[in-house]
file entry.txt (compact mmCIF, C-alpha atoms and all ligand atoms)
# COMPACT_ATOMS: atom_id res chain seq x y z
CA MET A 1 66.19 -77.23 106.87
CA ARG A 2 65.31 -74.64 109.46
CA SER A 3 61.56 -74.59 110.06
CA THR A 4 59.40 -71.61 109.23
CA GLN A 5 58.59 -71.33 112.88
CA ALA A 6 62.24 -71.23 113.93
CA ARG A 7 62.85 -68.52 111.37
CA HIS A 8 59.83 -66.64 112.64
CA GLU A 9 61.04 -66.82 116.24
CA GLU A 10 64.55 -65.76 115.31
CA TYR A 11 63.40 -62.63 113.48
CA PHE A 12 60.75 -61.89 116.07
CA SER A 13 63.29 -61.78 118.91
CA PHE A 14 65.74 -59.85 116.74
CA LEU A 15 63.13 -57.20 115.91
CA ARG A 16 62.22 -56.97 119.57
CA SER A 17 65.84 -55.97 120.20
CA VAL A 18 65.68 -53.12 117.67
CA SER A 19 65.15 -49.98 119.76
CA LEU A 20 62.70 -48.46 117.30
CA LEU A 21 60.38 -51.46 117.54
CA LYS A 22 60.76 -52.49 121.14
CA ASP A 23 57.37 -51.15 122.26
CA LEU A 24 55.31 -52.47 119.35
CA PRO A 25 52.51 -54.85 120.32
CA GLU A 26 53.28 -58.52 119.83
CA GLU A 27 50.79 -59.12 117.01
CA LYS A 28 52.14 -56.16 115.11
CA LEU A 29 55.71 -57.36 115.37
CA ALA A 30 54.61 -60.85 114.32
CA LYS A 31 52.91 -59.35 111.28
CA ILE A 32 56.08 -57.54 110.27
CA VAL A 33 57.99 -60.81 110.53
CA ASP A 34 55.42 -62.46 108.26
CA CYS A 35 55.91 -59.92 105.49
CA LEU A 36 59.67 -59.43 105.78
CA GLU A 37 62.07 -60.19 102.99
CA VAL A 38 65.76 -60.78 103.59
CA ASP A 39 68.27 -59.30 101.15
CA TYR A 40 71.99 -60.09 100.98
CA PHE A 41 74.70 -57.67 99.84
CA ASP A 42 78.39 -57.97 99.03
CA GLU A 43 81.09 -55.51 100.00
CA GLY A 44 80.81 -52.31 97.94
CA GLU A 45 77.31 -53.10 96.72
CA TYR A 46 74.80 -50.25 96.69
CA ILE A 47 71.69 -50.95 98.74
CA ILE A 48 70.27 -47.49 98.12
CA ARG A 49 71.31 -44.85 95.58
CA GLU A 50 70.84 -41.12 96.08
CA GLY A 51 68.19 -39.67 93.79
CA GLU A 52 66.42 -42.93 93.03
CA GLU A 53 62.85 -43.65 93.94
CA GLY A 54 62.46 -45.89 96.92
CA ASN A 55 59.65 -47.90 98.41
CA THR A 56 61.39 -49.92 101.08
CA PHE A 57 62.63 -49.69 104.65
CA PHE A 58 65.65 -51.71 105.84
CA ILE A 59 66.84 -53.10 109.16
CA ILE A 60 70.39 -54.45 109.35
CA ALA A 61 70.46 -58.03 110.65
CA LYS A 62 74.13 -58.73 109.88
CA GLY A 63 77.12 -56.65 108.79
CA GLN A 64 77.75 -52.94 108.35
CA VAL A 65 76.85 -50.26 105.83
CA SER A 66 78.26 -46.88 104.94
CA VAL A 67 76.03 -43.82 104.45
CA THR A 68 77.45 -41.42 101.85
CA GLN A 69 76.13 -38.24 100.32
CA THR A 70 77.03 -35.83 97.55
CA THR A 71 77.93 -32.47 99.05
CA GLU A 72 78.79 -29.13 97.53
CA GLY A 73 82.42 -28.82 96.49
CA ASN A 74 83.18 -32.55 96.50
CA LEU A 75 83.44 -34.71 93.41
CA GLU A 76 82.90 -37.93 95.33
CA PRO A 77 80.08 -38.61 97.78
CA GLN A 78 81.36 -38.27 101.37
CA GLU A 79 80.83 -40.81 104.13
CA ILE A 80 78.60 -39.31 106.79
CA LYS A 81 78.16 -42.33 109.05
CA THR A 82 78.29 -46.08 109.32
CA LEU A 83 75.45 -48.26 110.56
CA GLY A 84 75.50 -51.77 112.02
CA VAL A 85 73.29 -54.55 113.34
CA GLY A 86 69.98 -53.28 114.70
CA ASP A 87 70.24 -49.96 112.87
CA TYR A 88 67.75 -49.11 110.14
CA PHE A 89 67.56 -46.83 107.11
CA GLY A 90 65.39 -45.86 104.17
CA GLU A 91 62.61 -44.32 106.25
CA LYS A 92 63.19 -40.82 104.88
CA ALA A 93 62.03 -41.41 101.31
CA LEU A 94 58.92 -43.12 102.66
CA ILE A 95 58.06 -40.44 105.20
CA SER A 96 58.99 -37.36 103.15
CA GLU A 97 57.60 -38.89 99.95
CA ASP A 98 60.82 -37.93 98.24
CA VAL A 99 63.64 -39.67 96.38
CA ARG A 100 66.47 -41.35 98.29
CA SER A 101 68.60 -38.69 99.97
CA ALA A 102 71.84 -40.62 100.53
CA ASN A 103 73.71 -43.70 99.32
CA ILE A 104 73.80 -46.83 101.44
CA ILE A 105 76.69 -49.16 100.59
CA SER A 106 77.49 -52.54 102.10
CA LYS A 107 80.86 -52.52 103.92
CA GLU A 108 81.15 -56.31 104.12
CA ASN A 109 80.30 -59.44 102.21
CA ASP A 110 77.10 -61.10 103.33
CA THR A 111 75.49 -58.02 104.86
CA GLN A 112 71.91 -59.01 105.57
CA CYS A 113 69.00 -56.60 105.63
CA LEU A 114 65.41 -57.21 106.57
CA VAL A 115 63.28 -55.35 104.04
CA VAL A 116 59.83 -53.93 104.70
CA ASP A 117 57.86 -52.52 101.77
CA ARG A 118 55.97 -49.23 101.84
CA ASP A 119 52.55 -50.71 102.60
CA ASN A 120 53.83 -52.73 105.52
CA PHE A 121 55.95 -49.81 106.73
CA ASN A 122 52.86 -47.59 106.73
CA GLN A 123 50.93 -50.21 108.62
CA MET A 124 53.74 -50.58 111.13
CA VAL A 125 54.25 -46.86 111.66
CA GLY A 126 50.90 -45.39 110.71
CA THR A 127 48.81 -46.98 113.39
CA TYR A 128 51.35 -46.26 116.08
CA GLU A 129 51.43 -42.55 116.82
CA GLU A 130 54.52 -42.40 119.00
CA LEU A 131 56.58 -44.22 116.42
CA GLN A 132 55.27 -41.94 113.68
CA ALA A 133 56.05 -38.81 115.69
CA TYR A 134 59.52 -40.10 116.56
CA LEU A 135 60.41 -40.89 112.95
CA LYS A 136 58.98 -37.63 111.63
CA GLU A 137 61.08 -35.66 114.08
CA TYR A 138 64.15 -37.72 113.19
CA VAL A 139 63.62 -37.19 109.47
CA GLU A 140 63.33 -33.43 110.00
CA GLN A 141 66.63 -33.56 111.88
CA LEU A 142 68.22 -35.38 108.96
CA SER A 143 67.04 -32.66 106.58
CA ARG A 144 68.62 -30.04 108.82
CA SER A 145 71.96 -31.90 108.94
CA ASP A 146 71.79 -32.27 105.16
CA GLU A 147 71.48 -28.50 104.83
CA GLN A 148 74.35 -27.90 107.25
CA ARG A 149 76.70 -30.10 105.27
CA ASN A 150 75.43 -28.60 101.98
CA ALA A 151 74.12 -31.87 100.63
CA MET A 152 72.93 -31.66 97.05
C1 LIG B 1 71.57 -38.05 106.90
N1 LIG B 1 70.89 -37.47 105.87
C2 LIG B 1 70.05 -38.17 105.03
C3 LIG B 1 71.31 -41.53 107.66
C4 LIG B 1 69.03 -43.93 109.41
C5 LIG B 1 67.82 -43.86 110.14
C6 LIG B 1 67.53 -42.75 110.89
C7 LIG B 1 69.65 -41.79 110.27
CL1 LIG B 1 66.01 -42.65 111.78
P1 LIG B 1 66.37 -42.41 102.43
C8 LIG B 1 68.93 -42.82 102.35
C9 LIG B 1 68.93 -43.02 103.86
C10 LIG B 1 67.88 -42.10 104.52
C11 LIG B 1 68.24 -42.32 105.98
C12 LIG B 1 69.76 -42.55 105.92
O1 LIG B 1 70.11 -42.63 104.54
N2 LIG B 1 70.50 -41.45 106.56
C13 LIG B 1 70.52 -40.15 106.17
C14 LIG B 1 71.36 -39.47 107.06
O2 LIG B 1 72.29 -37.37 107.61
N3 LIG B 1 69.86 -39.51 105.16
N4 LIG B 1 69.40 -37.48 104.08
N5 LIG B 1 71.85 -40.35 107.98
S1 LIG B 1 71.49 -42.97 108.60
C15 LIG B 1 69.96 -42.91 109.51
C16 LIG B 1 68.43 -41.71 110.98
O3 LIG B 1 67.63 -43.51 106.43
O4 LIG B 1 66.57 -42.49 104.05
O5 LIG B 1 65.13 -43.18 102.11
O6 LIG B 1 67.65 -43.19 101.84
O7 LIG B 1 66.44 -40.99 101.98
call {"tool": "encode", "arguments": {"input": "entry.txt", "output": "structure tokens", "more": "lines below"}}
Ligand code: WNU
result
Amino acid sequence: MRSTQARHEEYFSFLRSVSLLKDLPEEKLAKIVDCLEVDYFDEGEYIIREGEEGNTFFIIAKGQVSVTQTTEGNLEPQEIKTLGVGDYFGEKALISEDVRSANIISKENDTQCLVVDRDNFNQMVGTYEELQAYLKEYVEQLSRSDEQRNAM
């Protein structure tokens, strides 16, 4: 069995490679690793559903996901982007205090996501102003692109 410490080191160095988190102080990053959960998804499985309440933030550790959204004049949700290893999602519902604004669907079997709950997300982001400002700006941009594509 892989030791807890090996696991810790593996996720620590992975999170360090995630651009969003690269400047976080060591103890903060270590704390995130301590409270992470890992979730596994099969191809076609919904990780997030539009309109549902959400209290978690995800970082992709393995695999790929599709981001889809219901837009005016389309019966089916449309794919708006795909995300891969080191990308993250689910910040918008947490920051805007709103329901989930898009679907996130696993594109492969054994997609692995590191999951951070709301409390830990707030601790991670809240005490770090630059990160908070960056995400807020990003989330506002997402709202503007949603409007442009007539998301519903
Ligand atoms: C988009 N519009 C909306 C993405 C991930 C992280 C960042 C873009 Cl910083 P949520 C659904 C999630 C949402 C976002 C993600 O889907 N998303 C988008 C869009 O154009 N959401 N409304 N592009 S990928 C992405 C920027 O994370 O958060 O909690 O759940 O609403």
call {"tool": "closest_atom_pairs", "arguments": {"input": "entry.txt", "of": "chain A", "to": "ligand LIG 1 (chain B)", "cutoff": "10 Å", "atoms": "only C-alpha atoms and all ligand atoms", "output": "JSON lines"}}
result
{"residue": "A:Leu20", "atom": "CA", "partner": "B:LIG1", "partner_atom": "CL1", "distance": 8.7}
{"residue": "A:Ile47", "atom": "CA", "partner": "B:LIG1", "partner_atom": "O6", "distance": 9.3}
{"residue": "A:Ile48", "atom": "CA", "partner": "B:LIG1", "partner_atom": "O6", "distance": 6.3}
{"residue": "A:Arg49", "atom": "CA", "partner": "B:LIG1", "partner_atom": "O6", "distance": 7.4}
{"residue": "A:Glu50", "atom": "CA", "partner": "B:LIG1", "partner_atom": "C8", "distance": 6.8}
{"residue": "A:Gly51", "atom": "CA", "partner": "B:LIG1", "partner_atom": "O7", "distance": 8.5}
{"residue": "A:Glu52", "atom": "CA", "partner": "B:LIG1", "partner_atom": "O6", "distance": 8.9}
{"residue": "A:Glu53", "atom": "CA", "partner": "B:LIG1", "partner_atom": "O5", "distance": 8.5}
{"residue": "A:Gly54", "atom": "CA", "partner": "B:LIG1", "partner_atom": "O5", "distance": 6.4}
{"residue": "A:Asn55", "atom": "CA", "partner": "B:LIG1", "partner_atom": "O5", "distance": 8.1}
{"residue": "A:Thr56", "atom": "CA", "partner": "B:LIG1", "partner_atom": "O5", "distance": 7.8}
{"residue": "A:Phe57", "atom": "CA", "partner": "B:LIG1", "partner_atom": "O5", "distance": 7.4}
{"residue": "A:Phe58", "atom": "CA", "partner": "B:LIG1", "partner_atom": "O3", "distance": 8.5}
{"residue": "A:Ile59", "atom": "CA", "partner": "B:LIG1", "partner_atom": "C5", "distance": 9.3}
{"residue": "A:Val65", "atom": "CA", "partner": "B:LIG1", "partner_atom": "S1", "distance": 9.5}
{"residue": "A:Ser66", "atom": "CA", "partner": "B:LIG1", "partner_atom": "S1", "distance": 8.6}
{"residue": "A:Val67", "atom": "CA", "partner": "B:LIG1", "partner_atom": "O1", "distance": 6.0}
{"residue": "A:Thr68", "atom": "CA", "partner": "B:LIG1", "partner_atom": "O1", "distance": 7.9}
{"residue": "A:Gln69", "atom": "CA", "partner": "B:LIG1", "partner_atom": "N1", "distance": 7.7}
{"residue": "A:Glu79", "atom": "CA", "partner": "B:LIG1", "partner_atom": "N5", "distance": 9.8}
{"residue": "A:Ile80", "atom": "CA", "partner": "B:LIG1", "partner_atom": "O2", "distance": 6.7}
{"residue": "A:Lys81", "atom": "CA", "partner": "B:LIG1", "partner_atom": "N5", "distance": 6.7}
{"residue": "A:Thr82", "atom": "CA", "partner": "B:LIG1", "partner_atom": "S1", "distance": 7.5}
{"residue": "A:Leu83", "atom": "CA", "partner": "B:LIG1", "partner_atom": "S1", "distance": 6.9}
{"residue": "A:Asp87", "atom": "CA", "partner": "B:LIG1", "partner_atom": "C4", "distance": 7.1}
{"residue": "A:Tyr88", "atom": "CA", "partner": "B:LIG1", "partner_atom": "C5", "distance": 5.3}
{"residue": "A:Phe89", "atom": "CA", "partner": "B:LIG1", "partner_atom": "O3", "distance": 3.4}
{"residue": "A:Gly90", "atom": "CA", "partner": "B:LIG1", "partner_atom": "O5", "distance": 3.4}
{"residue": "A:Glu91", "atom": "CA", "partner": "B:LIG1", "partner_atom": "O4", "distance": 4.9}
{"residue": "A:Lys92", "atom": "CA", "partner": "B:LIG1", "partner_atom": "O4", "distance": 3.9}
{"residue": "A:Ala93", "atom": "CA", "partner": "B:LIG1", "partner_atom": "O5", "distance": 3.7}
{"residue": "A:Leu94", "atom": "CA", "partner": "B:LIG1", "partner_atom": "O5", "distance": 6.2}
{"residue": "A:Ile95", "atom": "CA", "partner": "B:LIG1", "partner_atom": "O5", "distance": 8.2}
{"residue": "A:Ser96", "atom": "CA", "partner": "B:LIG1", "partner_atom": "O7", "distance": 8.4}
{"residue": "A:Glu97", "atom": "CA", "partner": "B:LIG1", "partner_atom": "O5", "distance": 8.9}
{"residue": "A:Asp98", "atom": "CA", "partner": "B:LIG1", "partner_atom": "O7", "distance": 7.4}
{"residue": "A:Val99", "atom": "CA", "partner": "B:LIG1", "partner_atom": "O7", "distance": 6.4}
{"residue": "A:Arg100", "atom": "CA", "partner": "B:LIG1", "partner_atom": "O7", "distance": 3.7}
{"residue": "A:Ser101", "atom": "CA", "partner": "B:LIG1", "partner_atom": "O7", "distance": 3.7}
{"residue": "A:Ala102", "atom": "CA", "partner": "B:LIG1", "partner_atom": "C8", "distance": 4.1}
{"residue": "A:Asn103", "atom": "CA", "partner": "B:LIG1", "partner_atom": "C8", "distance": 5.7}
{"residue": "A:Ile104", "atom": "CA", "partner": "B:LIG1", "partner_atom": "C8", "distance": 6.4}
{"residue": "A:Tyr134", "atom": "CA", "partner": "B:LIG1", "partner_atom": "CL1", "distance": 8.5}
{"residue": "A:Leu135", "atom": "CA", "partner": "B:LIG1", "partner_atom": "CL1", "distance": 6.0}
{"residue": "A:Lys136", "atom": "CA", "partner": "B:LIG1", "partner_atom": "CL1", "distance": 8.6}
{"residue": "A:Glu137", "atom": "CA", "partner": "B:LIG1", "partner_atom": "CL1", "distance": 8.9}
{"residue": "A:Tyr138", "atom": "CA", "partner": "B:LIG1", "partner_atom": "CL1", "distance": 5.5}
{"residue": "A:Val139", "atom": "CA", "partner": "B:LIG1", "partner_atom": "CL1", "distance": 6.4}
{"residue": "A:Glu140", "atom": "CA", "partner": "B:LIG1", "partner_atom": "N4", "distance": 9.4}
{"residue": "A:Gln141", "atom": "CA", "partner": "B:LIG1", "partner_atom": "O2", "distance": 8.0}
{"residue": "A:Leu142", "atom": "CA", "partner": "B:LIG1", "partner_atom": "N1", "distance": 4.6}
{"residue": "A:Ser143", "atom": "CA", "partner": "B:LIG1", "partner_atom": "N4", "distance": 5.9}
{"residue": "A:Arg144", "atom": "CA", "partner": "B:LIG1", "partner_atom": "O2", "distance": 8.3}
{"residue": "A:Ser145", "atom": "CA", "partner": "B:LIG1", "partner_atom": "O2", "distance": 5.6}
{"residue": "A:Asp146", "atom": "CA", "partner": "B:LIG1", "partner_atom": "N1", "distance": 5.3}
{"residue": "A:Glu147", "atom": "CA", "partner": "B:LIG1", "partner_atom": "N1", "distance": 9.0}
{"residue": "A:Gln148", "atom": "CA", "partner": "B:LIG1", "partner_atom": "O2", "distance": 9.7}
{"residue": "A:Arg149", "atom": "CA", "partner": "B:LIG1", "partner_atom": "O2", "distance": 8.8}
{"residue": "A:Ala151", "atom": "CA", "partner": "B:LIG1", "partner_atom": "N4", "distance": 8.1}
{"residue": "A:Met152", "atom": "CA", "partner": "B:LIG1", "partner_atom": "N4", "distance": 9.8}
call {"tool": "closest_residue", "arguments": {"input": "entry.txt", "among": "A:Glu72, A:Leu131, A:Cys35, A:Thr4", "to": "Lys22 in chain A", "atoms": "all atoms listed in the file"}}
result
A:Leu131
call {"tool": "residues_around", "arguments": {"input": "entry.txt", "residues": "Thr111 in chain A", "least_positions_apart": "4", "cutoff": "12 Å", "atoms": "all atoms listed in the file", "output": "short mmCIF file (atom, residue, chain, number, x, y, z; two decimals) with C-alpha atoms, in the coordinates of the input"}}
result
data_model
loop_
_atom_site.label_atom_id
_atom_site.label_comp_id
_atom_site.auth_asym_id
_atom_site.auth_seq_id
_atom_site.Cartn_x
_atom_site.Cartn_y
_atom_site.Cartn_z
CA VAL A 38 65.76 -60.78 103.59
CA ASP A 39 68.27 -59.30 101.15
CA TYR A 40 71.99 -60.09 100.98
CA PHE A 41 74.70 -57.67 99.84
CA ASP A 42 78.39 -57.97 99.03
CA GLU A 43 81.09 -55.51 100.00
CA GLY A 44 80.81 -52.31 97.94
CA GLU A 45 77.31 -53.10 96.72
CA TYR A 46 74.80 -50.25 96.69
CA ILE A 47 71.69 -50.95 98.74
CA PHE A 58 65.65 -51.71 105.84
CA ILE A 59 66.84 -53.10 109.16
CA ILE A 60 70.39 -54.45 109.35
CA ALA A 61 70.46 -58.03 110.65
CA LYS A 62 74.13 -58.73 109.88
CA GLY A 63 77.12 -56.65 108.79
CA GLN A 64 77.75 -52.94 108.35
CA VAL A 65 76.85 -50.26 105.83
CA SER A 66 78.26 -46.88 104.94
CA LEU A 83 75.45 -48.26 110.56
CA GLY A 84 75.50 -51.77 112.02
CA VAL A 85 73.29 -54.55 113.34
CA ILE A 104 73.80 -46.83 101.44
CA ILE A 105 76.69 -49.16 100.59
CA SER A 106 77.49 -52.54 102.10
CA LYS A 107 80.86 -52.52 103.92
#
call {"tool": "atom_distance", "arguments": {"input": "entry.txt", "atom1": "CA of Cys113 in chain A", "atom2": "CA of Glu9 in chain A"}}
result
16.7 Å
call {"tool": "closest_residue", "arguments": {"input": "entry.txt", "among": "A:Val125, A:Val33, A:Leu75, A:Val116", "to": "Glu10 in chain A", "atoms": "all atoms listed in the file"}}
result
A:Val33
call {"tool": "closest_residue", "arguments": {"input": "entry.txt", "among": "A:Thr71, A:Asn109, A:Ser17, A:Asp34", "to": "Gly86 in chain A", "atoms": "all atoms listed in the file"}}
result
A:Ser17
call {"tool": "atom_distance", "arguments": {"input": "entry.txt", "atom1": "CA of Ala30 in chain A", "atom2": "CA of Phe12 in chain A"}}
result
6.5 Å
call {"tool": "atom_distance", "arguments": {"input": "entry.txt", "atom1": "CA of Leu114 in chain A", "atom2": "CA of Val18 in chain A"}}
result
11.8 Å
call {"tool": "closest_residue", "arguments": {"input": "entry.txt", "among": "A:Leu24, A:Leu36, A:Ala133, A:Thr127", "to": "Val115 in chain A", "atoms": "all atoms listed in the file"}}
result
A:Leu36
call {"tool": "closest_residue", "arguments": {"input": "entry.txt", "among": "A:Ile32, A:Gln112, A:Asn120, A:Asn74", "to": "Leu15 in chain A", "atoms": "all atoms listed in the file"}}
result
A:Ile32
call {"tool": "closest_residue", "arguments": {"input": "entry.txt", "among": "A:Glu108, A:Glu26, A:Met1, A:Tyr128", "to": "Ser13 in chain A", "atoms": "all atoms listed in the file"}}
result
A:Glu26
call {"tool": "decode", "arguments": {"input": "entry.txt", "residues": "range 63-141 of chain A", "atoms": "C-alpha atoms", "output": "mmCIF file, in the first residue's frame"}}
result
data_model
loop_
_atom_site.group_PDB
_atom_site.id
_atom_site.type_symbol
_atom_site.label_atom_id
_atom_site.label_comp_id
_atom_site.auth_asym_id
_atom_site.auth_seq_id
_atom_site.Cartn_x
_atom_site.Cartn_y
_atom_site.Cartn_z
ATOM 1 C CA GLY A 63 -8.537 12.552 -17.787
ATOM 2 C CA GLN A 64 -10.690 15.094 -19.590
ATOM 3 C CA VAL A 65 -14.104 16.659 -19.127
ATOM 4 C CA SER A 66 -16.546 18.422 -21.392
ATOM 5 C CA VAL A 67 -18.262 21.672 -20.387
ATOM 6 C CA THR A 68 -21.764 21.962 -21.879
ATOM 7 C CA GLN A 69 -24.508 24.508 -21.468
ATOM 8 C CA THR A 70 -28.132 24.972 -22.443
ATOM 9 C CA THR A 71 -28.425 27.874 -24.853
ATOM 10 C CA GLU A 72 -31.371 29.592 -26.458
ATOM 11 C CA GLY A 73 -32.659 27.834 -29.560
ATOM 12 C CA ASN A 74 -30.955 24.491 -28.882
ATOM 13 C CA LEU A 75 -32.702 21.419 -27.543
ATOM 14 C CA GLU A 76 -29.480 19.815 -26.366
ATOM 15 C CA PRO A 77 -26.821 21.470 -24.225
ATOM 16 C CA GLN A 78 -23.893 22.600 -26.403
ATOM 17 C CA GLU A 79 -20.236 21.863 -25.705
ATOM 18 C CA ILE A 80 -18.448 25.110 -24.930
ATOM 19 C CA LYS A 81 -15.023 23.745 -24.008
ATOM 20 C CA THR A 82 -13.056 20.777 -22.825
ATOM 21 C CA LEU A 83 -10.767 20.758 -19.805
ATOM 22 C CA GLY A 84 -7.845 18.476 -18.939
ATOM 23 C CA VAL A 85 -5.259 17.719 -16.281
ATOM 24 C CA GLY A 86 -4.434 20.740 -14.122
ATOM 25 C CA ASP A 87 -7.614 22.581 -15.108
ATOM 26 C CA TYR A 88 -10.266 23.289 -12.494
ATOM 27 C CA PHE A 89 -13.990 24.023 -12.383
ATOM 28 C CA GLY A 90 -16.908 24.608 -10.043
ATOM 29 C CA GLU A 91 -15.612 27.896 -8.648
ATOM 30 C CA LYS A 92 -18.478 29.919 -10.097
ATOM 31 C CA ALA A 93 -21.294 28.553 -7.931
ATOM 32 C CA LEU A 94 -19.106 29.071 -4.869
ATOM 33 C CA ILE A 95 -18.059 32.614 -5.715
ATOM 34 C CA SER A 96 -21.363 33.886 -7.153
ATOM 35 C CA GLU A 97 -23.394 32.003 -4.538
ATOM 36 C CA ASP A 98 -25.539 30.687 -7.338
ATOM 37 C CA VAL A 99 -26.552 27.306 -8.752
ATOM 38 C CA ARG A 100 -24.260 25.457 -11.161
ATOM 39 C CA SER A 101 -24.144 27.326 -14.463
ATOM 40 C CA ALA A 102 -22.955 24.558 -16.810
ATOM 41 C CA ASN A 103 -22.710 20.774 -17.047
ATOM 42 C CA ILE A 104 -19.384 19.052 -16.528
ATOM 43 C CA ILE A 105 -19.230 15.560 -18.054
ATOM 44 C CA SER A 106 -16.379 13.077 -17.919
ATOM 45 C CA LYS A 107 -14.985 12.320 -21.402
ATOM 46 C CA GLU A 108 -13.072 9.211 -20.333
ATOM 47 C CA ASN A 109 -13.251 6.304 -17.946
ATOM 48 C CA ASP A 110 -11.291 6.823 -14.754
ATOM 49 C CA THR A 111 -11.268 10.618 -14.832
ATOM 50 C CA GLN A 112 -9.959 11.677 -11.440
ATOM 51 C CA CYS A 113 -10.847 14.928 -9.735
ATOM 52 C CA LEU A 114 -9.511 16.389 -6.531
ATOM 53 C CA VAL A 115 -12.479 17.829 -4.661
ATOM 54 C CA VAL A 116 -12.343 20.750 -2.256
ATOM 55 C CA ASP A 117 -15.462 21.609 -0.257
ATOM 56 C CA ARG A 118 -16.812 25.126 0.216
ATOM 57 C CA ASP A 119 -15.244 25.731 3.621
ATOM 58 C CA ASN A 120 -11.807 24.689 2.471
ATOM 59 C CA PHE A 121 -12.226 26.586 -0.797
ATOM 60 C CA ASN A 122 -13.069 29.739 1.152
ATOM 61 C CA GLN A 123 -10.059 29.215 3.359
ATOM 62 C CA MET A 124 -7.845 28.665 0.343
ATOM 63 C CA VAL A 125 -9.140 31.657 -1.607
ATOM 64 C CA GLY A 126 -10.453 33.945 1.091
ATOM 65 C CA THR A 127 -7.214 34.637 2.864
ATOM 66 C CA TYR A 128 -5.328 35.162 -0.353
ATOM 67 C CA GLU A 129 -6.402 38.402 -1.973
ATOM 68 C CA GLU A 130 -4.733 38.019 -5.349
ATOM 69 C CA LEU A 131 -6.304 34.631 -5.869
ATOM 70 C CA GLN A 132 -9.696 35.971 -4.828
ATOM 71 C CA ALA A 133 -9.422 38.946 -7.190
ATOM 72 C CA TYR A 134 -8.275 36.716 -10.044
ATOM 73 C CA LEU A 135 -11.149 34.268 -9.638
ATOM 74 C CA LYS A 136 -13.738 37.011 -9.209
ATOM 75 C CA GLU A 137 -12.622 38.638 -12.429
ATOM 76 C CA TYR A 138 -12.643 35.271 -14.200
ATOM 77 C CA VAL A 139 -16.143 34.468 -12.971
ATOM 78 C CA GLU A 140 -17.398 37.842 -14.222
ATOM 79 C CA GLN A 141 -15.881 37.021 -17.610
#
